[in-house]
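Student: Data file my_file28.cif (mmCIF, C-alpha atoms) is appended below.
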data_data
#
loop_
_atom_site.group_PDB
_atom_site.id
_atom_site.type_symbol
_atom_site.label_atom_id
_atom_site.label_comp_id
_atom_site.auth_asym_id
_atom_site.auth_seq_id
_atom_site.Cartn_x
_atom_site.Cartn_y
_atom_site.Cartn_z
ATOM 1 C CA ALA A 658 18.681 13.129 12.500
ATOM 2 C CA PHE A 659 15.525 14.919 11.283
ATOM 3 C CA SER A 660 13.800 17.620 13.266
ATOM 4 C CA ASP A 661 10.466 19.392 12.952
ATOM 5 C CA ALA A 662 12.470 22.576 13.585
ATOM 6 C CA MET A 663 14.327 22.116 10.278
ATOM 7 C CA PRO A 664 13.416 24.584 7.501
ATOM 8 C CA CYS A 665 10.859 23.225 5.031
ATOM 9 C CA ALA A 666 13.384 22.882 2.204
ATOM 10 C CA ALA A 667 15.757 20.927 4.446
ATOM 11 C CA ARG A 668 12.905 18.624 5.549
ATOM 12 C CA CYS A 669 11.970 18.014 1.893
ATOM 13 C CA VAL A 670 15.550 17.072 1.017
ATOM 14 C CA ALA A 671 15.791 14.874 4.119
ATOM 15 C CA PHE A 672 12.471 13.251 3.187
ATOM 16 C CA LEU A 673 13.636 12.487 -0.345
ATOM 17 C CA LEU A 674 16.853 10.970 0.984
ATOM 18 C CA MET A 675 14.849 8.874 3.454
ATOM 19 C CA CYS A 676 12.614 7.651 0.600
ATOM 20 C CA GLU A 677 15.656 6.554 -1.392
ATOM 21 C CA GLU A 678 17.046 4.769 1.682
ATOM 22 C CA LEU A 679 13.706 2.995 2.234
ATOM 23 C CA ARG A 680 13.567 1.962 -1.420
ATOM 24 C CA SER A 681 17.109 0.685 -1.314
ATOM 25 C CA ALA A 682 16.483 -1.266 1.901
ATOM 26 C CA ALA A 683 13.340 -2.779 0.392
ATOM 27 C CA GLY A 684 15.204 -3.781 -2.770
ATOM 28 C CA LEU A 685 13.434 -1.189 -4.922
ATOM 29 C CA TYR A 686 15.303 0.909 -7.433
ATOM 30 C CA SER A 687 14.265 4.023 -9.262
ATOM 31 C CA GLN A 688 13.685 3.823 -12.997
ATOM 32 C CA HIS A 689 16.175 6.678 -13.213
ATOM 33 C CA TYR A 690 18.934 4.241 -12.272
ATOM 34 C CA LEU A 691 17.812 0.998 -13.907
ATOM 35 C CA SER A 692 15.942 0.115 -17.032
ATOM 36 C CA ARG A 693 12.250 -0.703 -16.731
ATOM 37 C CA SER A 694 12.940 -4.413 -17.267
ATOM 38 C CA THR A 695 15.174 -4.621 -14.184
ATOM 39 C CA THR A 696 13.047 -2.478 -11.866
ATOM 40 C CA ARG A 697 11.728 -4.573 -9.006
ATOM 41 C CA MET A 698 8.542 -3.874 -7.119
ATOM 42 C CA SER A 699 7.558 -5.218 -3.735
ATOM 43 C CA THR A 700 3.925 -5.728 -4.719
ATOM 44 C CA SER A 701 2.179 -7.513 -7.539
ATOM 45 C CA ALA A 702 0.438 -5.427 -10.175
ATOM 46 C CA SER A 703 -2.967 -6.629 -8.998
ATOM 47 C CA GLU A 704 -2.427 -5.898 -5.292
ATOM 48 C CA GLU A 705 -4.295 -2.846 -4.056
ATOM 49 C CA LEU A 706 -2.092 -0.180 -2.568
ATOM 50 C CA PRO A 707 -3.026 2.688 -0.270
ATOM 51 C CA ARG A 708 -3.712 6.064 -1.853
ATOM 52 C CA GLN A 709 -3.448 9.628 -0.673
ATOM 53 C CA TRP A 710 -6.180 12.241 -0.937
ATOM 54 C CA VAL A 711 -5.219 15.854 -1.670
ATOM 55 C CA VAL A 712 -7.795 18.640 -1.461
ATOM 56 C CA LEU A 713 -7.226 21.989 -3.190
ATOM 57 C CA ARG A 714 -9.128 25.264 -2.926
ATOM 58 C CA LYS A 715 -10.929 26.091 -6.171
ATOM 59 C CA ASP A 716 -10.857 29.838 -5.457
ATOM 60 C CA LEU A 717 -7.041 29.812 -5.247
ATOM 61 C CA ARG A 718 -6.805 28.020 -8.571
ATOM 62 C CA ALA A 719 -8.655 30.975 -10.110
ATOM 63 C CA GLU A 720 -6.459 33.609 -8.402
ATOM 64 C CA TRP A 721 -2.954 32.119 -8.123
ATOM 65 C CA PRO A 722 -0.541 30.897 -10.796
ATOM 66 C CA ALA A 723 -0.835 27.162 -11.455
ATOM 67 C CA GLY A 724 2.695 26.548 -10.182
ATOM 68 C CA SER A 725 1.897 28.147 -6.837
ATOM 69 C CA VAL A 726 -1.181 25.950 -6.384
ATOM 70 C CA VAL A 727 0.796 22.825 -7.328
ATOM 71 C CA ALA A 728 3.445 23.829 -4.772
ATOM 72 C CA GLN A 729 0.759 24.026 -2.074
ATOM 73 C CA ALA A 730 -0.418 20.502 -2.923
ATOM 74 C CA CYS A 731 3.190 19.273 -2.806
ATOM 75 C CA HIS A 732 3.732 20.909 0.589
ATOM 76 C CA ALA A 733 0.608 19.300 2.039
ATOM 77 C CA SER A 734 1.349 15.892 0.524
ATOM 78 C CA VAL A 735 4.968 15.747 1.704
ATOM 79 C CA SER A 736 3.979 17.041 5.153
ATOM 80 C CA ALA A 737 1.291 14.371 5.576
ATOM 81 C CA ILE A 738 3.675 11.627 4.436
ATOM 82 C CA TRP A 739 6.546 12.906 6.589
ATOM 83 C CA THR A 740 4.379 13.290 9.689
ATOM 84 C CA HIS A 741 3.117 9.708 9.324
ATOM 85 C CA ARG A 742 6.334 8.161 7.987
ATOM 86 C CA ASP A 743 6.287 5.399 10.633
ATOM 87 C CA ASP A 744 2.711 4.372 9.798
ATOM 88 C CA GLU A 745 2.395 0.933 8.155
ATOM 89 C CA LEU A 746 0.211 2.157 5.280
ATOM 90 C CA THR A 747 2.509 5.119 4.631
ATOM 91 C CA GLN A 748 5.510 2.807 4.439
ATOM 92 C CA ARG A 749 3.614 0.520 2.084
ATOM 93 C CA TYR A 750 2.676 3.524 -0.080
ATOM 94 C CA MET A 751 6.277 4.721 -0.167
ATOM 95 C CA GLY A 752 7.527 1.193 -0.863
ATOM 96 C CA SER A 753 5.991 1.231 -4.333
ATOM 97 C CA LEU A 754 6.830 4.678 -5.687
ATOM 98 C CA GLU A 755 6.209 3.627 -9.283
ATOM 99 C CA ARG A 756 2.578 2.863 -8.387
ATOM 100 C CA MET A 757 1.689 5.839 -6.159
ATOM 101 C CA HIS A 758 -1.922 6.924 -6.458
ATOM 102 C CA LYS A 759 -3.340 10.262 -5.374
ATOM 103 C CA VAL A 760 -6.930 11.432 -5.573
ATOM 104 C CA VAL A 761 -7.087 15.198 -6.047
ATOM 105 C CA LEU A 762 -10.324 16.830 -4.941
ATOM 106 C CA GLU A 763 -11.499 20.406 -4.547
ATOM 107 C CA VAL A 764 -13.434 22.603 -2.151
ATOM 108 C CA LYS A 765 -14.705 26.070 -2.974
ATOM 109 C CA ASP A 766 -12.728 28.159 -0.455
ATOM 110 C CA GLY A 767 -10.728 28.381 2.762
ATOM 111 C CA ALA A 768 -13.752 28.134 5.038
ATOM 112 C CA GLU A 769 -14.795 24.853 3.404
ATOM 113 C CA LEU A 770 -11.215 23.552 3.610
ATOM 114 C CA GLU A 771 -10.994 24.343 7.334
ATOM 115 C CA ALA A 772 -14.419 22.750 7.947
ATOM 116 C CA LEU A 773 -13.211 19.629 6.125
ATOM 117 C CA ALA A 774 -10.037 19.537 8.232
ATOM 118 C CA GLN A 775 -12.169 19.674 11.379
ATOM 119 C CA LYS A 776 -14.438 16.853 10.120
ATOM 120 C CA LEU A 777 -11.408 14.691 9.379
ATOM 121 C CA THR A 778 -9.979 15.439 12.829
ATOM 122 C CA ASP A 779 -13.326 14.521 14.420
ATOM 123 C CA GLN A 780 -13.355 11.241 12.439
ATOM 124 C CA GLY A 781 -9.792 10.407 13.482
ATOM 125 C CA ILE A 782 -8.468 10.687 9.913
ATOM 126 C CA ALA A 783 -4.776 11.596 9.843
ATOM 127 C CA HIS A 784 -4.086 14.560 7.570
ATOM 128 C CA TRP A 785 -2.076 17.740 7.186
ATOM 129 C CA LEU A 786 -3.670 21.131 6.572
ATOM 130 C CA TRP A 787 -1.082 23.300 4.834
ATOM 131 C CA ILE A 788 -1.150 26.920 6.011
ATOM 132 C CA GLU A 789 0.881 29.192 3.721
ATOM 133 C CA GLN A 790 3.190 31.435 5.736
ATOM 134 C CA PRO A 791 3.659 34.221 6.566
ATOM 135 C CA GLU A 792 0.162 35.035 5.299
ATOM 136 C CA GLY A 793 -1.553 32.342 7.406
ATOM 137 C CA ILE A 794 -3.712 31.170 4.484
ATOM 138 C CA PRO A 795 -5.035 27.578 4.575
ATOM 139 C CA THR A 796 -4.362 26.404 1.029
ATOM 140 C CA CYS A 797 -4.453 22.622 0.783
ATOM 141 C CA LEU A 798 -5.039 19.457 2.760
ATOM 142 C CA ALA A 799 -3.587 15.976 2.294
ATOM 143 C CA THR A 800 -4.338 12.751 4.130
ATOM 144 C CA LYS A 801 -1.859 10.087 5.045
ATOM 145 C CA PRO A 802 -2.315 7.066 2.759
ATOM 146 C CA TYR A 803 -5.424 4.909 3.280
ATOM 147 C CA PHE A 804 -7.015 2.097 1.292
ATOM 148 C CA LYS A 805 -9.801 3.156 -1.086
ATOM 149 C CA GLN A 806 -12.450 1.293 0.903
ATOM 150 C CA ASP A 807 -11.383 3.234 4.004
ATOM 151 C CA ALA A 808 -11.782 6.625 2.339
ATOM 152 C CA PRO A 809 -13.172 9.124 4.813
ATOM 153 C CA GLY A 810 -16.872 9.818 4.262
ATOM 154 C CA ALA A 811 -16.243 13.563 4.226
ATOM 155 C CA LEU A 812 -14.031 13.137 1.161
ATOM 156 C CA LYS A 813 -16.534 11.007 -0.757
ATOM 157 C CA LYS A 814 -18.829 14.020 -1.083
ATOM 158 C CA LEU A 815 -16.216 16.215 -2.779
ATOM 159 C CA ARG A 816 -15.704 16.718 -6.508
ATOM 160 C CA LEU A 817 -12.587 15.654 -8.355
ATOM 161 C CA CYS A 818 -10.407 18.640 -9.100
ATOM 162 C CA SER A 819 -11.032 19.714 -12.679
#
Spell out the structure here as structure tokens.
Tutor:
Amino acid sequence: AFSDAMPCAARCVAFLLMCEELRSAAGLYSQHYLSRSTTRMSTSASEELPRQWVVLRKDLRAEWPAGSVVAQACHASVSAIWTHRDDELTQRYMGSLERMHKVVLEVKDGAELEALAQKLTDQGIAHWLWIEQPEGIPTCLATKPYFKQDAPGALKKLRLCS
């Protein structure tokens, strides 16, 4: 029903619908539909969940409007999740939407972002490098969800986005 040939907006809508279907099948309900007291979660509060790493370019944050940079992070994040939607850790991450955790890091520019993407590829770390079109500008990178202890070494050296 979903195709990689679908326009980005259509894939995003399809992804959101799929998330709601997964939540419903897992017995999870959005706080938008039920009060906090009746919201069920599939994991205990103390159980560690996978997290997603998102890496932004610091130089773009200085040049582009904040909303445009946030959109790039959203594109990369959704693309990484969608691409790895059948992965066990991704499903676990999506199964507890109220407890999602992202770590947002920064690199100085496009060259550093592309070098990071290559390091992650070499290490076998699943990720998505978002290339803004039609300009062909690498803007952001997001990993599929991993546990904190399995964080790629290349990411441990980066600064938190400030």
Student: Quote the spacing between atom CA of His741 of chain A and atom CA of Gln790 of chain A in Å to one decimal place.
Tutor: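 Going from atom CA of His741 of chain A over to atom CA of Gln790 of chain A, I get 22.0 Å.
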Student: Would you mind listing what lies within 12 Å of Leu706 of chain A as a PyMOL selection string, with all atoms listed in the file counted and same-chain residues fewer than 3 positions away left out?
Tutor: chain A and resi 699-703+709+745-759+802-807
Student: Would you write out, as a compact mmCIF listing (two decimals) with C-alpha atoms, keeping the file's coordinate frame, every residue that the PyMOL selection byres ((chain A and resi 801) around 6) captures in this file?
Tutor:
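In the end it all went to part38.txt:
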# COMPACT_ATOMS: atom_id res chain seq x y z
CA GLN A 709 -3.45 9.63 -0.67
CA ALA A 737 1.29 14.37 5.58
CA ILE A 738 3.68 11.63 4.44
CA ALA A 783 -4.78 11.60 9.84
CA HIS A 784 -4.09 14.56 7.57
CA THR A 800 -4.34 12.75 4.13
CA PRO A 802 -2.32 7.07 2.76
Student: Please report the interatomic distance between atom CA of Leu812 of chain A and atom CA of Gly767 of chain A in Å with one decimal.
Tutor: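 Separation between atom CA of Leu812 of chain A and atom CA of Gly767 of chain A: 15.7 Å.
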Student: Can you translate the PyMOL selection byres ((chain A and resi 712) around 7) into the concrete residues it hits in this file, as a ChimeraX atom specification?
Tutor: /A:710-711,713-714,761-764,797-799
Student: Can you spell out as a list of chain:residue names the set of residues that the PyMOL selection byres ((chain A and resi 733) around 7) selects in the structure I just provided?
Tutor: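 So the PyMOL selection byres ((chain A and resi 733) around 7) ends up selecting A:Gln729, A:Ala730, A:Cys731, A:His732, A:Ser734, A:Val735, A:Ser736, A:Ala737, A:Trp785, A:Leu786, A:Trp787, A:Cys797, A:Leu798, A:Ala799.
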Student: From the set A:Ala811, A:Asp766, A:Leu817, A:Ala723, which residue has the shortest atom-to-atom contact distance to Ile782 of chain A, counting all atoms listed in the file?
Tutor: A:Ala811
